[in-house]
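*Asks:* I am sharing query24.cif, which consists of mmCIF, C-alpha atoms and all ligand atoms:
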data_start
loop_
_atom_site.label_atom_id
_atom_site.label_comp_id
_atom_site.auth_asym_id
_atom_site.auth_seq_id
_atom_site.Cartn_x
_atom_site.Cartn_y
_atom_site.Cartn_z
CA MET A 5 -32.86 -8.96 -12.71
CA GLN A 6 -34.00 -7.37 -9.48
CA LYS A 7 -37.67 -7.83 -8.69
CA THR A 8 -39.35 -4.62 -7.62
CA MET A 9 -43.02 -5.38 -8.34
CA LEU A 10 -45.38 -8.13 -7.26
CA SER A 11 -48.24 -9.54 -9.32
CA THR A 12 -51.81 -10.00 -8.05
CA ALA A 13 -51.12 -13.73 -7.63
CA GLU A 14 -48.00 -13.03 -5.58
CA VAL A 15 -49.73 -10.57 -3.26
CA ALA A 16 -52.52 -13.14 -2.82
CA ARG A 17 -49.94 -15.76 -1.94
CA LEU A 18 -48.16 -13.43 0.50
CA PHE A 19 -51.32 -12.68 2.47
CA ASN A 20 -52.95 -16.08 1.99
CA VAL A 21 -56.04 -14.66 0.29
CA THR A 22 -57.61 -15.13 -3.14
CA GLU A 23 -56.67 -13.04 -6.17
CA THR A 24 -60.23 -11.67 -6.20
CA THR A 25 -59.65 -10.24 -2.72
CA VAL A 26 -56.42 -8.56 -3.82
CA LYS A 27 -58.14 -7.06 -6.87
CA ARG A 28 -60.91 -5.74 -4.61
CA TRP A 29 -58.33 -4.16 -2.23
CA ALA A 30 -56.72 -2.49 -5.25
CA ASP A 31 -59.99 -1.32 -6.79
CA ASP A 32 -61.19 0.03 -3.42
CA GLY A 33 -57.92 1.99 -3.13
CA ILE A 34 -56.88 0.21 0.10
CA LEU A 35 -53.84 -1.25 -1.67
CA ARG A 36 -52.18 1.09 -4.15
CA CYS A 37 -51.11 -0.40 -7.48
CA GLN A 38 -49.78 0.31 -10.94
CA ARG A 39 -51.40 -0.85 -14.17
CA THR A 40 -49.41 -2.44 -16.98
CA PRO A 41 -50.20 -1.34 -20.56
CA GLY A 42 -52.26 -4.55 -20.76
CA GLY A 43 -54.32 -3.47 -17.71
CA HIS A 44 -52.82 -5.92 -15.18
CA ARG A 45 -52.33 -4.73 -11.62
CA LYS A 46 -48.72 -4.62 -10.36
CA PHE A 47 -47.73 -3.78 -6.81
CA LEU A 48 -44.52 -2.06 -5.70
CA ILE A 49 -42.96 -3.73 -2.66
CA ALA A 50 -43.22 -0.39 -0.77
CA GLN A 51 -46.97 -0.28 -1.55
CA VAL A 52 -47.46 -3.79 -0.20
CA VAL A 53 -45.52 -2.92 2.95
CA GLU A 54 -47.54 0.27 3.37
CA PHE A 55 -50.78 -1.71 3.02
CA ALA A 56 -49.64 -4.21 5.67
CA GLU A 57 -48.51 -1.44 8.02
CA VAL A 58 -51.63 0.72 7.73
CA ASN A 59 -54.05 -2.21 8.02
CA HIS A 60 -52.05 -4.20 10.60
CA PHE A 61 -52.14 -7.13 8.22
CA GLU A 62 -49.08 -9.37 8.46
CA PRO A 63 -48.10 -11.77 5.65
CA THR A 64 -48.85 -15.38 6.52
CA GLY A 65 -47.73 -16.83 3.18
CA VAL A 66 -44.42 -16.84 1.32
CA LEU A 67 -43.36 -15.78 -2.15
CA GLU A 68 -41.49 -18.12 -4.47
CA PHE A 69 -37.99 -17.05 -5.48
CA THR A 70 -37.92 -16.19 -9.17
CA ASP A 71 -34.71 -18.14 -9.80
CA SER A 72 -34.40 -21.74 -8.63
CA ASP A 73 -32.61 -21.73 -5.31
CA ALA A 74 -31.63 -24.69 -3.14
CA LEU A 75 -31.94 -22.47 -0.05
CA ALA A 76 -35.56 -21.57 -0.84
CA PRO A 77 -37.32 -24.21 1.33
CA ALA A 78 -35.29 -23.25 4.43
CA ILE A 79 -35.82 -19.53 3.76
CA HIS A 80 -39.57 -20.01 3.30
CA VAL A 81 -39.90 -21.58 6.74
CA ALA A 82 -37.46 -19.17 8.40
CA VAL A 83 -39.12 -16.06 7.06
CA LEU A 84 -42.48 -17.07 8.52
CA SER A 85 -41.10 -18.21 11.87
CA ARG A 86 -38.68 -15.25 12.06
CA ASP A 87 -35.80 -17.71 12.48
CA PHE A 88 -33.00 -15.15 12.21
CA PRO A 89 -30.02 -17.54 12.52
CA VAL A 90 -31.27 -19.38 9.40
CA LEU A 91 -31.80 -16.07 7.57
CA VAL A 92 -28.26 -14.99 8.55
CA ASP A 93 -26.83 -18.26 7.29
CA ALA A 94 -28.72 -17.88 3.98
CA PHE A 95 -27.33 -14.34 3.61
CA ILE A 96 -23.76 -15.60 4.03
CA ARG A 97 -24.26 -18.50 1.62
CA LYS A 98 -25.81 -16.27 -1.00
CA ALA A 99 -23.07 -13.69 -0.60
CA LEU A 100 -20.30 -16.24 -0.99
CA ALA A 101 -21.80 -18.52 -3.60
CA GLN A 102 -24.07 -16.38 -5.73
CA GLY A 103 -23.78 -13.08 -7.57
CA ARG A 104 -24.36 -9.60 -6.19
CA SER A 105 -27.88 -9.34 -7.54
CA SER A 106 -28.98 -12.37 -5.50
CA LEU A 107 -28.07 -10.50 -2.30
CA SER A 108 -30.24 -7.54 -3.16
CA THR A 109 -33.06 -9.83 -4.31
CA TYR A 110 -32.78 -11.58 -0.95
CA LEU A 111 -32.98 -8.32 1.06
CA SER A 112 -36.04 -7.17 -0.95
CA TYR A 113 -37.60 -10.57 -0.39
CA LEU A 114 -37.14 -10.26 3.37
CA TYR A 115 -38.48 -6.70 3.34
CA ALA A 116 -41.57 -7.74 1.35
CA HIS A 117 -42.26 -10.31 4.09
CA ARG A 118 -42.29 -7.51 6.64
CA ILE A 119 -38.88 -8.17 8.15
CA HIS A 120 -38.32 -4.59 9.29
CA LEU A 121 -35.36 -2.55 8.12
CA TRP A 122 -33.86 -2.45 11.62
CA GLU A 123 -34.19 -6.25 11.82
CA ILE A 124 -32.42 -6.65 8.48
CA PHE A 125 -29.60 -4.44 9.78
CA ASP A 126 -29.25 -5.54 13.43
CA LEU A 127 -30.38 -9.16 13.25
CA ILE A 128 -29.12 -10.19 9.79
CA LEU A 129 -26.34 -7.97 8.38
CA HIS A 130 -24.57 -7.33 11.71
CA PRO A 131 -24.29 -11.02 12.75
CA ALA A 132 -23.68 -12.17 9.14
CA LEU A 133 -20.70 -9.87 8.68
CA GLN A 134 -19.43 -10.73 12.15
CA SER A 135 -19.40 -14.42 11.14
CA VAL A 136 -17.71 -13.53 7.88
CA GLY A 137 -15.00 -11.65 9.82
CA GLU A 138 -14.47 -14.75 11.98
CA MET A 139 -14.36 -17.02 8.92
CA TRP A 140 -11.71 -14.78 7.42
CA GLU A 141 -9.67 -14.80 10.67
CA ARG A 142 -9.78 -18.63 10.72
CA GLY A 143 -8.57 -18.67 7.11
CA GLU A 144 -11.82 -20.29 5.87
CA ILE A 145 -12.46 -17.58 3.30
CA SER A 146 -10.07 -15.44 1.30
CA LEU A 147 -9.62 -11.69 1.49
CA THR A 148 -11.25 -11.33 -1.92
CA GLN A 149 -14.31 -13.27 -0.75
CA GLU A 150 -14.59 -11.00 2.30
CA HIS A 151 -14.29 -7.89 0.12
CA ARG A 152 -16.81 -9.26 -2.39
CA LEU A 153 -19.24 -9.80 0.44
CA SER A 154 -18.71 -6.33 1.98
CA TYR A 155 -19.13 -4.45 -1.26
CA GLY A 156 -21.99 -6.74 -2.34
CA THR A 157 -23.71 -5.80 0.91
CA LEU A 158 -23.26 -2.07 0.25
CA ASP A 159 -24.63 -2.55 -3.24
CA ALA A 160 -27.62 -4.54 -1.95
CA LEU A 161 -28.33 -1.83 0.63
CA GLY A 162 -28.38 0.79 -2.13
CA ARG A 163 -30.81 -1.24 -4.20
CA LEU A 164 -33.03 -1.98 -1.21
CA GLN A 165 -33.21 1.74 -0.50
CA ALA A 166 -34.96 2.31 -3.81
CA GLN A 167 -37.75 -0.06 -2.74
CA ILE A 168 -38.50 0.83 0.85
CA LEU A 169 -41.47 2.70 2.20
CA ILE A 170 -40.49 6.29 3.00
CA LYS A 171 -42.56 8.10 5.62
CA PRO A 172 -43.71 11.67 4.92
CA ALA A 173 -40.83 14.17 4.93
CA THR A 174 -39.94 15.51 8.38
CA GLY A 175 -38.08 18.48 6.89
CA SER A 176 -35.00 17.48 8.90
CA THR A 177 -31.59 16.69 7.48
CA ALA A 178 -28.82 14.43 8.76
CA LEU A 179 -25.13 14.42 7.92
CA CYS A 180 -23.49 10.97 8.07
CA ALA A 181 -19.76 10.18 8.07
CA CYS A 182 -16.96 7.91 9.26
CA LEU A 183 -14.07 9.94 10.62
CA GLY A 184 -10.33 9.89 9.97
CA GLU A 185 -9.03 6.57 8.67
CA GLU A 186 -12.22 4.63 9.44
CA LEU A 187 -13.10 2.41 6.47
CA HIS A 188 -16.01 0.48 7.96
CA GLU A 189 -19.06 2.21 6.51
CA ILE A 190 -21.73 -0.50 6.26
CA GLY A 191 -23.18 0.34 9.69
CA LEU A 192 -23.28 4.03 8.73
CA ARG A 193 -25.17 3.15 5.54
CA CYS A 194 -27.71 1.27 7.66
CA ALA A 195 -28.21 4.28 9.94
CA CYS A 196 -28.56 6.60 6.95
CA SER A 197 -31.06 4.29 5.29
CA LEU A 198 -33.14 4.06 8.44
CA LEU A 199 -33.28 7.84 8.78
CA GLU A 200 -34.45 8.16 5.18
CA SER A 201 -37.20 5.61 5.80
CA GLU A 202 -38.33 7.81 8.70
CA GLY A 203 -38.67 10.79 6.36
CA TRP A 204 -35.30 12.46 6.95
CA SER A 205 -33.19 13.70 4.10
CA THR A 206 -29.53 12.76 4.39
CA HIS A 207 -26.08 13.79 3.25
CA TYR A 208 -23.90 10.69 3.14
CA LEU A 209 -20.16 11.35 3.19
CA GLY A 210 -19.07 7.72 3.66
CA ALA A 211 -15.71 6.49 4.93
CA ARG A 212 -12.48 8.37 5.72
CA VAL A 213 -13.76 11.89 6.21
CA PRO A 214 -11.16 14.23 7.76
CA SER A 215 -12.50 15.91 10.88
CA ARG A 216 -11.89 19.44 9.57
CA ASP A 217 -13.91 18.65 6.43
CA LEU A 218 -16.77 17.30 8.47
CA ARG A 219 -16.70 20.47 10.60
CA ALA A 220 -16.90 22.55 7.43
CA ALA A 221 -19.80 20.43 6.17
CA ILE A 222 -21.65 20.99 9.47
CA THR A 223 -21.39 24.76 9.20
CA GLY A 224 -22.13 24.71 5.46
CA LEU A 225 -25.09 22.30 5.47
CA ARG A 226 -26.49 23.10 8.94
CA PRO A 227 -28.06 19.64 9.49
CA GLU A 228 -30.41 18.81 12.37
CA MET A 229 -28.34 15.71 13.20
CA VAL A 230 -24.72 14.59 12.74
CA LEU A 231 -24.11 10.83 12.74
CA VAL A 232 -20.68 9.26 13.03
CA SER A 233 -19.93 5.55 12.93
CA VAL A 234 -16.88 4.12 14.69
CA THR A 235 -15.65 0.55 14.31
CA CYS A 236 -11.88 0.83 14.78
CA PRO A 237 -11.22 3.88 17.00
CA GLY A 238 -7.49 3.08 16.92
CA VAL A 239 -7.09 3.90 13.22
CA SER A 240 -8.02 7.58 13.64
CA GLU A 241 -5.67 9.86 15.53
CA ASP A 242 -7.00 11.45 18.71
CA LEU A 243 -10.60 10.54 17.96
CA GLY A 244 -11.93 11.76 21.33
CA ARG A 245 -10.63 15.28 20.71
CA GLN A 246 -11.97 15.30 17.15
CA LEU A 247 -15.41 14.28 18.37
CA ALA A 248 -15.39 16.95 21.08
CA GLU A 249 -14.58 19.62 18.49
CA LEU A 250 -17.25 18.33 16.14
CA GLY A 251 -19.75 18.30 19.00
CA GLY A 252 -19.03 21.99 19.61
CA GLU A 253 -19.45 22.82 15.94
CA ALA A 254 -22.72 20.89 15.77
CA ARG A 255 -24.10 22.65 18.83
CA GLY A 256 -23.29 25.96 17.15
CA VAL A 257 -25.76 25.17 14.37
CA GLY A 258 -28.27 23.48 16.70
CA ALA A 259 -27.55 19.95 15.48
CA ARG A 260 -27.72 16.85 17.65
CA CYS A 261 -24.84 14.37 17.51
CA VAL A 262 -25.21 10.59 17.40
CA LEU A 263 -22.30 8.18 17.62
CA GLY A 264 -22.76 4.50 16.73
CA GLY A 265 -20.87 1.40 15.66
CA ARG A 266 -19.17 -1.56 17.25
CA GLY A 267 -16.22 0.56 18.40
CA VAL A 268 -18.16 3.11 20.50
CA ASP A 269 -17.26 1.45 23.82
CA ARG A 270 -13.63 2.33 23.18
CA VAL A 271 -14.18 6.06 22.60
CA ILE A 272 -14.74 8.89 25.06
CA ALA A 273 -16.97 11.03 22.91
CA GLY A 274 -17.95 13.83 25.25
CA GLU A 275 -21.31 15.05 26.41
CA ALA A 276 -22.48 16.40 23.04
CA TRP A 277 -22.78 12.86 21.71
CA GLU A 278 -25.66 10.44 22.15
CA VAL A 279 -24.08 7.00 21.95
CA LEU A 280 -26.25 4.29 20.33
CA SER A 281 -25.20 0.79 19.48
CA SER A 282 -27.81 -0.36 16.95
CA SER A 283 -30.37 0.54 14.31
CA LYS A 284 -33.13 -0.26 16.79
CA GLY A 285 -31.49 2.16 19.21
CA LEU A 286 -31.59 4.87 16.54
CA LEU A 287 -35.23 4.13 15.77
CA ASP A 288 -36.16 4.37 19.47
CA TYR A 289 -34.18 7.60 19.77
CA LEU A 290 -36.10 9.09 16.82
CA ALA A 291 -39.39 7.84 18.25
CA GLY A 292 -38.56 9.73 21.47
CA ASP A 293 -38.78 12.96 19.43
CA SER A 294 -42.27 12.29 18.21
CA ARG A 295 -43.66 11.39 21.64
C1 LIG B 1 -16.42 -5.56 6.33
C2 LIG B 1 -15.20 -5.38 7.21
C3 LIG B 1 -14.14 -4.64 6.68
C4 LIG B 1 -14.19 -3.96 5.32
C5 LIG B 1 -15.05 -2.68 5.42
C6 LIG B 1 -15.74 -2.39 4.10
C7 LIG B 1 -16.68 -1.23 4.16
N1 LIG B 1 -16.79 -0.56 3.03
O1 LIG B 1 -17.31 -0.92 5.16
C8 LIG B 1 -12.68 -3.71 5.05
C9 LIG B 1 -12.15 -4.87 4.23
C10 LIG B 1 -12.32 -2.41 4.34
C11 LIG B 1 -12.09 -3.80 6.45
C12 LIG B 1 -10.87 -3.30 6.77
C13 LIG B 1 -10.27 -3.46 8.02
N2 LIG B 1 -10.76 -4.11 9.07
CO1 LIG B 1 -12.54 -4.83 9.11
N3 LIG B 1 -14.11 -5.79 9.24
C14 LIG B 1 -15.15 -5.96 8.51
C15 LIG B 1 -16.18 -6.90 9.13
C16 LIG B 1 -16.01 -8.26 8.48
C17 LIG B 1 -17.64 -6.48 9.03
C18 LIG B 1 -18.00 -5.07 9.56
C19 LIG B 1 -19.39 -4.72 9.09
O2 LIG B 1 -19.57 -4.09 8.07
N4 LIG B 1 -20.42 -5.22 9.79
C20 LIG B 1 -21.84 -5.08 9.37
C21 LIG B 1 -22.53 -3.91 10.01
C22 LIG B 1 -24.01 -3.91 9.62
O3 LIG B 1 -22.43 -4.07 11.41
P1 LIG B 1 -21.82 -2.90 12.33
O4 LIG B 1 -20.75 -2.20 11.62
O5 LIG B 1 -21.55 -3.45 13.67
O6 LIG B 1 -23.04 -1.86 12.40
C23 LIG B 1 -24.18 -2.14 13.21
C24 LIG B 1 -24.11 -1.49 14.59
O7 LIG B 1 -22.79 -1.38 15.06
C25 LIG B 1 -24.81 -0.17 14.42
N5 LIG B 1 -24.10 0.98 13.88
C26 LIG B 1 -22.98 1.06 13.14
N6 LIG B 1 -22.69 2.32 12.86
C27 LIG B 1 -23.64 3.08 13.41
C28 LIG B 1 -23.82 4.47 13.41
C29 LIG B 1 -24.92 5.02 14.08
C30 LIG B 1 -25.09 6.48 14.09
C31 LIG B 1 -25.84 4.14 14.77
C32 LIG B 1 -26.99 4.71 15.48
C33 LIG B 1 -25.64 2.76 14.76
C34 LIG B 1 -24.55 2.24 14.08
O8 LIG B 1 -25.85 -0.51 13.50
C35 LIG B 1 -25.37 -1.49 12.55
C36 LIG B 1 -26.51 -2.47 12.29
O9 LIG B 1 -26.70 -3.31 13.40
C37 LIG B 1 -15.74 -6.87 10.64
C38 LIG B 1 -16.11 -8.12 11.41
C39 LIG B 1 -17.03 -7.78 12.59
N7 LIG B 1 -17.01 -8.61 13.58
O10 LIG B 1 -17.68 -6.79 12.62
C40 LIG B 1 -14.24 -6.61 10.52
C41 LIG B 1 -13.52 -5.81 11.63
C42 LIG B 1 -14.41 -4.69 12.11
N8 LIG B 1 -12.35 -5.29 10.97
C43 LIG B 1 -11.33 -5.30 11.72
C44 LIG B 1 -10.04 -4.85 11.32
C45 LIG B 1 -8.92 -5.06 12.33
C46 LIG B 1 -9.82 -4.25 10.05
C47 LIG B 1 -8.50 -3.74 9.51
C48 LIG B 1 -7.67 -2.92 10.50
C49 LIG B 1 -7.76 -4.97 9.00
C50 LIG B 1 -6.36 -4.76 8.50
N9 LIG B 1 -5.46 -5.38 9.20
O11 LIG B 1 -6.13 -4.08 7.53
C51 LIG B 1 -8.89 -2.93 8.25
C52 LIG B 1 -8.74 -1.44 8.35
C53 LIG B 1 -9.90 -0.70 8.74
C54 LIG B 1 -9.88 0.79 8.80
N10 LIG B 1 -8.84 1.58 8.50
O12 LIG B 1 -10.94 1.27 9.14
C55 LIG B 1 -11.64 -5.86 13.11
C56 LIG B 1 -11.73 -4.79 14.19
C57 LIG B 1 -11.12 -5.25 15.49
C58 LIG B 1 -11.19 -4.20 16.55
N11 LIG B 1 -11.42 -4.64 17.73
O13 LIG B 1 -11.06 -3.03 16.34
C59 LIG B 1 -12.91 -6.65 12.84
C60 LIG B 1 -13.90 -6.79 14.05
C61 LIG B 1 -12.53 -8.07 12.35
C62 LIG B 1 -11.83 -8.85 13.43
N12 LIG B 1 -12.53 -9.73 14.12
O14 LIG B 1 -10.67 -8.71 13.64
N13 LIG B 1 -12.92 -4.42 7.29
#
What is this file in structure tokens?
Ligand code: B12

*Replies:*
Amino acid sequence: MQKTMLSTAEVARLFNVTETTVKRWADDGILRCQRTPGGHRKFLIAQVVEFAEVNHFEPTGVLEFTDSDALAPAIHVAVLSRDFPVLVDAFIRKALAQGRSSLSTYLSYLYAHRIHLWEIFDLILHPALQSVGEMWERGEISLTQEHRLSYGTLDALGRLQAQILIKPATGSTALCACLGEELHEIGLRCACSLLESEGWSTHYLGARVPSRDLRAAITGLRPEMVLVSVTCPGVSEDLGRQLAELGGEARGVGARCVLGGRGVDRVIAGEAWEVLSSSKGLLDYLAGDSR
């Protein structure tokens, strides 16, 4: 079962303090908590992250995994030293050897240890799936393993979303889609998730959205931002022209356009589009607004 709450003992372990200190934080209202019917304090992962963020208090301890896991000792060290290659390797091993729920437990675990969302996306998921693609090309894993991993990742992203800290609502809305025959939607999900964490509301249309339908959605929903992810520009006919038309439609409703994904270098998107290659790039772009 997915772990969404931490106990007093676990929060104490995470921050290397005593349980009495954690109880005091909770009772003073510095660290928000829930009470069980028996009166015990329980802490949502988002509340713990909020506490760390507001108080500039980074975890210096590590949580135990609830289920016994041979990878745990390596993950414990890697999470504290921010050793991303080890965390990537653990993601791949979990995805291939363990069930779907272990992937989402792993992502929540990383998030609870203050590995930022953009780091999970750019420094773990992106390289992990790249390695998986290479393993598949070399014939080291089967097609079904690759698919299991891709859809397990999407599932884990959905579950992580329910646990993250969401900033106060900006009142802005984004429309997110992959155009034409594009099936690669994991990067788009990351972008959408990041926007939500920054207080945006989102409309997620997913993979294979015909350009004319996206144009209709732009005029119907009038978002502040349109995001398109491109991995394989070759699979969608005349992508450059489609993007130019969409850019015009978006401008008509005052929306900004952002294009991202590993295929962006092979597309001429036109001047309406801001081209960004990563989640960190999107975060910096959004931060530019608030400056
Ligand atoms: C998973 C996967 C699939 C899955 C997709 C499942 C899904 N629901 O998304 C499936 C099995 C469907 C698939 C199919 C195909 N795939 Co594929 N696939 C991959 C794989 C292994 C991982 C891609 C991925 O999800 N990465 C994880 C995410 C997190 O990384 P990302 O997409 O790069 O996104 C990051 C950034 O780019 C950025 N970003 C992404 N989008 C956006 C958007 C915005 C707005 C912003 C700001 C940022 C941003 O932020 C993200 C976080 O860092 C790659 C391998 C690789 N090297 O990438 C091959 C790969 C992309 N696939 C490839 C190919 C060829 C195909 C197929 C054509 C294979 C075939 N012969 O049938 C088909 C058809 C695809 C189609 N019509 O679109 C090639 C593409 C080669 C090329 N140069 O174009 C690759 C590189 C594999 C390879 N080495 O050959 N694939």

*Asks:* Could you tell me how far atom CA of Lys46 of chain A sits from atom CA of Leu10 of chain A, in Å to one decimal place?

*Replies:*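 Taking atom CA of Leu10 of chain A and atom CA of Lys46 of chain A, their separation equals 5.8 Å.
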
*Asks:* Kindly compile the residues surrounding ligand LIG 1 (chain B) within 7 Å, counting only C-alpha atoms and all ligand atoms, and format them as a short mmCIF file (atom, residue, chain, number, x, y, z; two decimals) with C-alpha atoms, in the coordinates of the input.

*Replies:*
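Saved result, result_2.cif, follows:
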data_model
loop_
_atom_site.label_atom_id
_atom_site.label_comp_id
_atom_site.auth_asym_id
_atom_site.auth_seq_id
_atom_site.Cartn_x
_atom_site.Cartn_y
_atom_site.Cartn_z
CA PHE A 125 -29.60 -4.44 9.78
CA ASP A 126 -29.25 -5.54 13.43
CA LEU A 127 -30.38 -9.16 13.25
CA LEU A 129 -26.34 -7.97 8.38
CA HIS A 130 -24.57 -7.33 11.71
CA LEU A 133 -20.70 -9.87 8.68
CA GLN A 134 -19.43 -10.73 12.15
CA SER A 135 -19.40 -14.42 11.14
CA VAL A 136 -17.71 -13.53 7.88
CA GLY A 137 -15.00 -11.65 9.82
CA GLU A 138 -14.47 -14.75 11.98
CA GLU A 141 -9.67 -14.80 10.67
CA GLU A 150 -14.59 -11.00 2.30
CA HIS A 151 -14.29 -7.89 0.12
CA SER A 154 -18.71 -6.33 1.98
CA TYR A 155 -19.13 -4.45 -1.26
CA GLU A 185 -9.03 6.57 8.67
CA GLU A 186 -12.22 4.63 9.44
CA LEU A 187 -13.10 2.41 6.47
CA HIS A 188 -16.01 0.48 7.96
CA GLU A 189 -19.06 2.21 6.51
CA ILE A 190 -21.73 -0.50 6.26
CA GLY A 191 -23.18 0.34 9.69
CA LEU A 192 -23.28 4.03 8.73
CA CYS A 194 -27.71 1.27 7.66
CA ALA A 195 -28.21 4.28 9.94
CA LEU A 231 -24.11 10.83 12.74
CA VAL A 232 -20.68 9.26 13.03
CA SER A 233 -19.93 5.55 12.93
CA VAL A 234 -16.88 4.12 14.69
CA THR A 235 -15.65 0.55 14.31
CA CYS A 236 -11.88 0.83 14.78
CA PRO A 237 -11.22 3.88 17.00
CA VAL A 239 -7.09 3.90 13.22
CA VAL A 262 -25.21 10.59 17.40
CA LEU A 263 -22.30 8.18 17.62
CA GLY A 264 -22.76 4.50 16.73
CA GLY A 265 -20.87 1.40 15.66
CA ARG A 266 -19.17 -1.56 17.25
CA GLY A 267 -16.22 0.56 18.40
CA LEU A 280 -26.25 4.29 20.33
CA SER A 281 -25.20 0.79 19.48
CA SER A 282 -27.81 -0.36 16.95
CA SER A 283 -30.37 0.54 14.31
CA GLY A 285 -31.49 2.16 19.21
CA LEU A 286 -31.59 4.87 16.54
#

*Asks:* Which residues are close to Ala291 of chain A, i.e. within 12 Å by all atoms listed in the file, leaving aside same-chain residues fewer than 6 positions away? Reply as a PyMOL selection string.

*Replies:* chain A and resi 199+202+284-285

*Asks:* Of the residues A:Ser240, A:Arg226, A:Ala76, A:Ala30, which is the one nearest to Ala211 of chain A, using only C-alpha atoms?

*Replies:*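 Comparing A:Ser240, A:Arg226, A:Ala76, A:Ala30 against Ala211 of chain A, the winner is A:Ser240.
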
*Asks:* For Asp87 of chain A, list every protein, DNA or RNA residue within 12 Å, evaluated using all atoms listed in the file, and leave out those in the same chain fewer than 4 positions away; present the list as JSON, numbers by chain.

*Replies:* {"A": [78, 79, 80, 81, 82, 83, 91, 92, 93, 94, 114, 119, 123, 127, 128]}

*Asks:* What does the distance between atom CA of Arg17 of chain A and atom CA of Ala56 of chain A come to in Å, to one decimal place?

*Replies:*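 If I compute the distance from atom CA of Arg17 of chain A to atom CA of Ala56 of chain A, I get 13.8 Å.
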
*Asks:* Considering all atoms listed in the file, return as a list in words whatever protein or nucleic-acid residues lie within 9 Å of Asp159 of chain A, sequence-local ones (same chain, fewer than 3 positions apart) excluded.

*Replies:* Arg104, Ser105, Leu107, Ser108, Ser154, Tyr155, Gly156, Gly162, Arg163 and Leu164 of chain A
